[in-house]
Structure formats: structure tokens, C-alpha cells
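Okay, so here's the structure we're looking at.
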Amino acid sequence: TKPYTFKNLSSFVLTFQFVIHMYQKGVTTGEITDLLERMYGHHYTPQTISNMTKTMEKQVEAFKARTLAKRYVCVYLDATFIAIKRDTVSKEAVCLAIGIQEDGTKEVLAYTIAPTESALVWKEVLEDLQNRGVEDVLLFVSDGLKGIVDSIQSLFPSSSYQLCCVHLSRNLAHKVRVSDRAEVCGDFKRVYRATSKQEGQKALDDFVTKWKKVYPRATKSLEENPFILTFYDFPQAIWRSIYSTNLIESFNKQLKKYSKRKEQFPNEPSIERFLVSQFEPYNQKFSTRCHLGFDLARAELVSMFERRK
């Protein structure tokens, strides 16, 4: 079958919009070719479809170069793993940062692709934030990768850090007997579902006292961790938004859902085009929406920034 030639601008625009939409949903170029042929009876080569997606390269460069806000209440850091082909196919880390400003609007700030997730890679992401205008962040939230706090403090020494309590709970579940898991996780939930920092500290102390004889290593790691109760220093209205990385993890699940359809990306530019095709709609969607609780906390958050000057 001969490749189809566009007869007019409108037919190209409609086809282009369809191709980009399907690309955002993780549909492969071969599948898009088949869909177009079934819908319109015209044959488009996979190369034609690939060339259309390459027009997004300017969007990728613009996304990576855009100026960011000077300050963010919190920045969430998390990585997901997506298959990419270099010489061989292997899953690599897509390290992602999502920020929320004091007005509650949120956006994907930056990303990088690396063979593995490491504190050094995250430091490069944080340097990118600084280079593009970020001056102050009240709180960073992550799952506690070794060395990440040092990377944060080296660049944002005034920022606080919150270790994801949900990750802590999951880790505890893996360190105790199956028969104890429900009780252990229920007891630990009281630590981050308290009504005050004092109550949360008491719940943590009670947890350690109750379980230290049975699980001394697990409780010792909690006693020595200074980043479990940080979120209590912020307005109560946003506690549930900042004691875990659930916000960024749910977005990463969406990335995984669509990227799995492709099985693998043939090179780094192709995965970057896919990622930015997901980031831009997300940023547009939440550029005018206030995240849960931030409307009630805005005055106090602004005051927290002002006190740091």
C-alpha cells in the first residue's frame, strides 16, 4: 500500500492531533498506523507517525528550559522505572519533582533519566531547580533514599524534610511477622494521624515501647529518624497532603500505565517526548486548581516564607 499524502492543511492538523493524543496514551507508532488505516482507509507509514511525534522536541526543550517560581511550599521527589533501549533494553529511573506553591497550584517542575536512582542524580535535579529560578522551598518530601537528605541540605539548607510515612509503614510491614502486621501498621498509623505533634510524638514513643522487645531493629530505626514528624510543623489543613509521597506516586502510576503499552522506548529522546506529553496536560490542569487544604493554609504559609527572610 502506498503511503498517504495529505491533501490539505486541515486533514493534516486533524491527523496530527489524533496522533499526538494517541501518543500521550502510550499507543505505539505501529498501533497508531493501524488505527488510522481502519478509521480513514489511508495508509501512513510508521516513519510518518514517528516524524509527527518528533515535532514535540521543541516542546521538550521549552519544558526543560522554562523559568520556575521563586518559592514552593513543598516539593515531592520520587522515581519510577521505564524500559528504554540503549544497546540493550533495561528499565531506567525517571526521577521526577512536583511542586506546590502557597496558592495550592501544583506542577511537574523537573525530571531526569538515569540508569539508577541515586542521591547524586537527585542533586542534579535540585541543581536544575535552582538554575531555573527556585530560591526557597519550605519542605521536601520523599521516600527516604539513602543520601537524599544530604543532597537537599547542600543546596537548600533552610528547607525541612519529611520522610514518607506511608513508605515507613510499608517497610515496617515487611520487617514483622505476618500475624503482627495489621496491629503494627495500625499502631504506627496513630503516629501520623494524630491531632498535634505532641500527640504524634507520644504515639511514636508508645509504639517503640510496645514493640521494641519483639522487633528491636525496626523500632531503633524509628527512634533514630528525625524526619517522621516534620509535617506537624506546618498548618494542619495540609498535613494529609505532606506526610507522604502519595501525590507524586499516583502520577507516576499514570506514567507507568501508559508507558507499559509501548513495552520499551527506542532511545532517550523518544521517552522524553512521551514524558513531556504527560507533564504539560498535568500542569495545565492544575495551574488554576488549589490542592486540598492549601486554601485554608495560605496565609500561614505565606507567613512561614516571610519569617525566613
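Please note that chains go A, B, ... in the order of the C-alpha cells, that every chain numbers its residues from 1, and that ligands are numbered from 1 in the order shown.
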Could you pull out the strand (DSSP E) residues of region 44-215 of chain A, going by DSSP on the backbone, and write them as a PDB file with N, CA and C atoms, in the first residue's frame?
ATOM      1  N   ARG A  71       9.533  30.360  44.835  1.00  0.00           N
ATOM      2  CA  ARG A  71       9.365  29.588  46.067  1.00  0.00           C
ATOM      3  C   ARG A  71       8.198  28.607  45.967  1.00  0.00           C
ATOM      4  N   TYR A  72       8.378  27.493  46.668  1.00  0.00           N
ATOM      5  CA  TYR A  72       7.373  26.434  46.711  1.00  0.00           C
ATOM      6  C   TYR A  72       7.202  25.978  48.161  1.00  0.00           C
ATOM      7  N   VAL A  73       5.974  25.729  48.534  1.00  0.00           N
ATOM      8  CA  VAL A  73       5.717  25.215  49.884  1.00  0.00           C
ATOM      9  C   VAL A  73       6.368  23.852  50.041  1.00  0.00           C
ATOM     10  N   CYS A  74       6.104  22.975  49.083  1.00  0.00           N
ATOM     11  CA  CYS A  74       6.678  21.632  49.162  1.00  0.00           C
ATOM     12  C   CYS A  74       7.033  21.130  47.777  1.00  0.00           C
ATOM     13  N   VAL A  75       8.054  20.309  47.745  1.00  0.00           N
ATOM     14  CA  VAL A  75       8.476  19.653  46.520  1.00  0.00           C
ATOM     15  C   VAL A  75       8.568  18.163  46.813  1.00  0.00           C
ATOM     16  N   TYR A  76       7.852  17.375  46.030  1.00  0.00           N
ATOM     17  CA  TYR A  76       7.845  15.920  46.174  1.00  0.00           C
ATOM     18  C   TYR A  76       8.854  15.321  45.195  1.00  0.00           C
ATOM     19  N   LEU A  77       9.634  14.387  45.676  1.00  0.00           N
ATOM     20  CA  LEU A  77      10.641  13.724  44.855  1.00  0.00           C
ATOM     21  C   LEU A  77      10.352  12.222  44.827  1.00  0.00           C
ATOM     22  N   ASP A  78      10.281  11.664  43.629  1.00  0.00           N
ATOM     23  CA  ASP A  78      10.035  10.224  43.518  1.00  0.00           C
ATOM     24  C   ASP A  78      10.499   9.755  42.146  1.00  0.00           C
ATOM     25  N   ALA A  79      10.849   8.486  42.067  1.00  0.00           N
ATOM     26  CA  ALA A  79      11.307   7.906  40.794  1.00  0.00           C
ATOM     27  C   ALA A  79      10.406   6.758  40.389  1.00  0.00           C
ATOM     28  N   THR A  80      10.240   6.600  39.079  1.00  0.00           N
ATOM     29  CA  THR A  80       9.593   5.419  38.532  1.00  0.00           C
ATOM     30  C   THR A  80      10.535   4.829  37.490  1.00  0.00           C
ATOM     31  N   PHE A  81      10.319   3.586  37.127  1.00  0.00           N
ATOM     32  CA  PHE A  81      11.262   2.907  36.233  1.00  0.00           C
ATOM     33  C   PHE A  81      10.568   2.487  34.945  1.00  0.00           C
ATOM     34  N   ILE A  82      11.158   2.889  33.812  1.00  0.00           N
ATOM     35  CA  ILE A  82      10.576   2.652  32.495  1.00  0.00           C
ATOM     36  C   ILE A  82      11.640   2.046  31.588  1.00  0.00           C
ATOM     37  N   ALA A  83      11.229   1.082  30.768  1.00  0.00           N
ATOM     38  CA  ALA A  83      12.168   0.384  29.879  1.00  0.00           C
ATOM     39  C   ALA A  83      12.604   1.275  28.724  1.00  0.00           C
ATOM     40  N   ILE A  84      13.914   1.320  28.493  1.00  0.00           N
ATOM     41  CA  ILE A  84      14.469   2.109  27.399  1.00  0.00           C
ATOM     42  C   ILE A  84      15.610   1.321  26.751  1.00  0.00           C
ATOM     43  N   LYS A  85      15.740   1.438  25.461  1.00  0.00           N
ATOM     44  CA  LYS A  85      16.787   0.723  24.741  1.00  0.00           C
ATOM     45  C   LYS A  85      17.970   1.646  24.492  1.00  0.00           C
ATOM     46  N   VAL A  89      17.949  -3.447  26.184  1.00  0.00           N
ATOM     47  CA  VAL A  89      16.777  -2.886  26.853  1.00  0.00           C
ATOM     48  C   VAL A  89      16.902  -3.085  28.359  1.00  0.00           C
ATOM     49  N   SER A  90      16.685  -2.016  29.113  1.00  0.00           N
ATOM     50  CA  SER A  90      16.728  -2.099  30.565  1.00  0.00           C
ATOM     51  C   SER A  90      15.848  -1.004  31.153  1.00  0.00           C
ATOM     52  N   LYS A  91      15.294  -1.264  32.315  1.00  0.00           N
ATOM     53  CA  LYS A  91      14.500  -0.241  32.981  1.00  0.00           C
ATOM     54  C   LYS A  91      15.419   0.778  33.636  1.00  0.00           C
ATOM     55  N   GLU A  92      15.120   2.055  33.397  1.00  0.00           N
ATOM     56  CA  GLU A  92      15.913   3.130  33.977  1.00  0.00           C
ATOM     57  C   GLU A  92      15.030   4.044  34.817  1.00  0.00           C
ATOM     58  N   ALA A  93      15.673   4.773  35.715  1.00  0.00           N
ATOM     59  CA  ALA A  93      14.944   5.639  36.637  1.00  0.00           C
ATOM     60  C   ALA A  93      14.554   6.954  35.975  1.00  0.00           C
ATOM     61  N   VAL A  94      13.277   7.286  36.071  1.00  0.00           N
ATOM     62  CA  VAL A  94      12.802   8.620  35.709  1.00  0.00           C
ATOM     63  C   VAL A  94      12.566   9.338  37.029  1.00  0.00           C
ATOM     64  N   CYS A  95      13.488  10.244  37.387  1.00  0.00           N
ATOM     65  CA  CYS A  95      13.426  10.970  38.658  1.00  0.00           C
ATOM     66  C   CYS A  95      12.631  12.255  38.448  1.00  0.00           C
ATOM     67  N   LEU A  96      11.597  12.411  39.244  1.00  0.00           N
ATOM     68  CA  LEU A  96      10.600  13.447  38.988  1.00  0.00           C
ATOM     69  C   LEU A  96      10.395  14.332  40.215  1.00  0.00           C
ATOM     70  N   ALA A  97      10.222  15.633  39.984  1.00  0.00           N
ATOM     71  CA  ALA A  97       9.930  16.583  41.058  1.00  0.00           C
ATOM     72  C   ALA A  97       8.625  17.302  40.752  1.00  0.00           C
ATOM     73  N   ILE A  98       7.695  17.289  41.702  1.00  0.00           N
ATOM     74  CA  ILE A  98       6.437  18.018  41.590  1.00  0.00           C
ATOM     75  C   ILE A  98       6.353  19.008  42.745  1.00  0.00           C
ATOM     76  N   GLY A  99       6.018  20.245  42.448  1.00  0.00           N
ATOM     77  CA  GLY A  99       5.978  21.283  43.475  1.00  0.00           C
ATOM     78  C   GLY A  99       4.599  21.887  43.654  1.00  0.00           C
ATOM     79  N   ILE A 100       4.326  22.370  44.874  1.00  0.00           N
ATOM     80  CA  ILE A 100       3.085  23.089  45.185  1.00  0.00           C
ATOM     81  C   ILE A 100       3.449  24.455  45.738  1.00  0.00           C
ATOM     82  N   LYS A 106      -0.167  23.265  41.593  1.00  0.00           N
ATOM     83  CA  LYS A 106       0.945  22.314  41.542  1.00  0.00           C
ATOM     84  C   LYS A 106       1.371  22.075  40.107  1.00  0.00           C
ATOM     85  N   GLU A 107       2.603  21.630  39.947  1.00  0.00           N
ATOM     86  CA  GLU A 107       3.153  21.400  38.612  1.00  0.00           C
ATOM     87  C   GLU A 107       4.340  20.459  38.665  1.00  0.00           C
ATOM     88  N   VAL A 108       4.555  19.758  37.564  1.00  0.00           N
ATOM     89  CA  VAL A 108       5.787  19.000  37.395  1.00  0.00           C
ATOM     90  C   VAL A 108       6.890  20.015  37.132  1.00  0.00           C
ATOM     91  N   LEU A 109       7.906  20.010  37.974  1.00  0.00           N
ATOM     92  CA  LEU A 109       8.961  21.004  37.885  1.00  0.00           C
ATOM     93  C   LEU A 109      10.117  20.549  37.001  1.00  0.00           C
ATOM     94  N   ALA A 110      10.565  19.326  37.230  1.00  0.00           N
ATOM     95  CA  ALA A 110      11.770  18.857  36.537  1.00  0.00           C
ATOM     96  C   ALA A 110      11.808  17.338  36.542  1.00  0.00           C
ATOM     97  N   TYR A 111      12.645  16.812  35.669  1.00  0.00           N
ATOM     98  CA  TYR A 111      12.847  15.368  35.618  1.00  0.00           C
ATOM     99  C   TYR A 111      14.235  15.095  35.051  1.00  0.00           C
ATOM    100  N   THR A 112      14.695  13.895  35.289  1.00  0.00           N
ATOM    101  CA  THR A 112      15.899  13.421  34.619  1.00  0.00           C
ATOM    102  C   THR A 112      15.796  11.917  34.465  1.00  0.00           C
ATOM    103  N   ILE A 113      16.528  11.390  33.500  1.00  0.00           N
ATOM    104  CA  ILE A 113      16.533   9.952  33.235  1.00  0.00           C
ATOM    105  C   ILE A 113      17.938   9.435  33.521  1.00  0.00           C
ATOM    106  N   ALA A 114      18.033   8.395  34.325  1.00  0.00           N
ATOM    107  CA  ALA A 114      19.334   7.848  34.700  1.00  0.00           C
ATOM    108  C   ALA A 114      19.241   6.337  34.836  1.00  0.00           C
ATOM    109  N   ASP A 136      13.553  29.159  47.263  1.00  0.00           N
ATOM    110  CA  ASP A 136      13.157  28.732  48.606  1.00  0.00           C
ATOM    111  C   ASP A 136      12.096  27.644  48.527  1.00  0.00           C
ATOM    112  N   VAL A 137      12.296  26.598  49.293  1.00  0.00           N
ATOM    113  CA  VAL A 137      11.321  25.505  49.427  1.00  0.00           C
ATOM    114  C   VAL A 137      11.163  25.235  50.916  1.00  0.00           C
ATOM    115  N   LEU A 138       9.936  25.291  51.407  1.00  0.00           N
ATOM    116  CA  LEU A 138       9.728  25.041  52.832  1.00  0.00           C
ATOM    117  C   LEU A 138       9.975  23.581  53.189  1.00  0.00           C
ATOM    118  N   LEU A 139       9.529  22.671  52.320  1.00  0.00           N
ATOM    119  CA  LEU A 139       9.559  21.258  52.675  1.00  0.00           C
ATOM    120  C   LEU A 139       9.792  20.382  51.449  1.00  0.00           C
ATOM    121  N   PHE A 140      10.696  19.435  51.586  1.00  0.00           N
ATOM    122  CA  PHE A 140      10.867  18.376  50.592  1.00  0.00           C
ATOM    123  C   PHE A 140      10.291  17.091  51.176  1.00  0.00           C
ATOM    124  N   VAL A 141       9.631  16.310  50.322  1.00  0.00           N
ATOM    125  CA  VAL A 141       9.030  15.044  50.748  1.00  0.00           C
ATOM    126  C   VAL A 141       9.513  13.952  49.806  1.00  0.00           C
ATOM    127  N   SER A 142      10.045  12.859  50.376  1.00  0.00           N
ATOM    128  CA  SER A 142      10.481  11.740  49.537  1.00  0.00           C
ATOM    129  C   SER A 142      10.394  10.443  50.330  1.00  0.00           C
ATOM    130  N   SER A 160      13.050  22.120  55.199  1.00  0.00           N
ATOM    131  CA  SER A 160      12.762  20.975  56.061  1.00  0.00           C
ATOM    132  C   SER A 160      12.575  19.739  55.194  1.00  0.00           C
ATOM    133  N   TYR A 161      12.608  18.578  55.852  1.00  0.00           N
ATOM    134  CA  TYR A 161      12.466  17.324  55.110  1.00  0.00           C
ATOM    135  C   TYR A 161      11.480  16.405  55.813  1.00  0.00           C
ATOM    136  N   GLN A 162      10.595  15.800  55.026  1.00  0.00           N
ATOM    137  CA  GLN A 162       9.632  14.836  55.536  1.00  0.00           C
ATOM    138  C   GLN A 162       9.829  13.494  54.853  1.00  0.00           C
ATOM    139  N   LEU A 163      10.046  12.471  55.648  1.00  0.00           N
ATOM    140  CA  LEU A 163      10.116  11.106  55.136  1.00  0.00           C
ATOM    141  C   LEU A 163       8.694  10.575  54.993  1.00  0.00           C
TER     142      LEU A 163
END
Residues within 10 Å of Gln236 (chain A), only C-alpha atoms, excluding chain neighbours under 5 positions, as a ChimeraX atom specification: /A:195-196,231,241,293-294,296-297
Å distance separating CA of Pro269 (chain A) from CA of Gln47 (chain A), one decimal place: 15.4 Å
Within 10 Å of Met304 (chain A) using only C-alpha atoms, minus same-chain residues under 3 positions, as a ChimeraX atom specification: /A:73,138,234-235,298-301,307-309
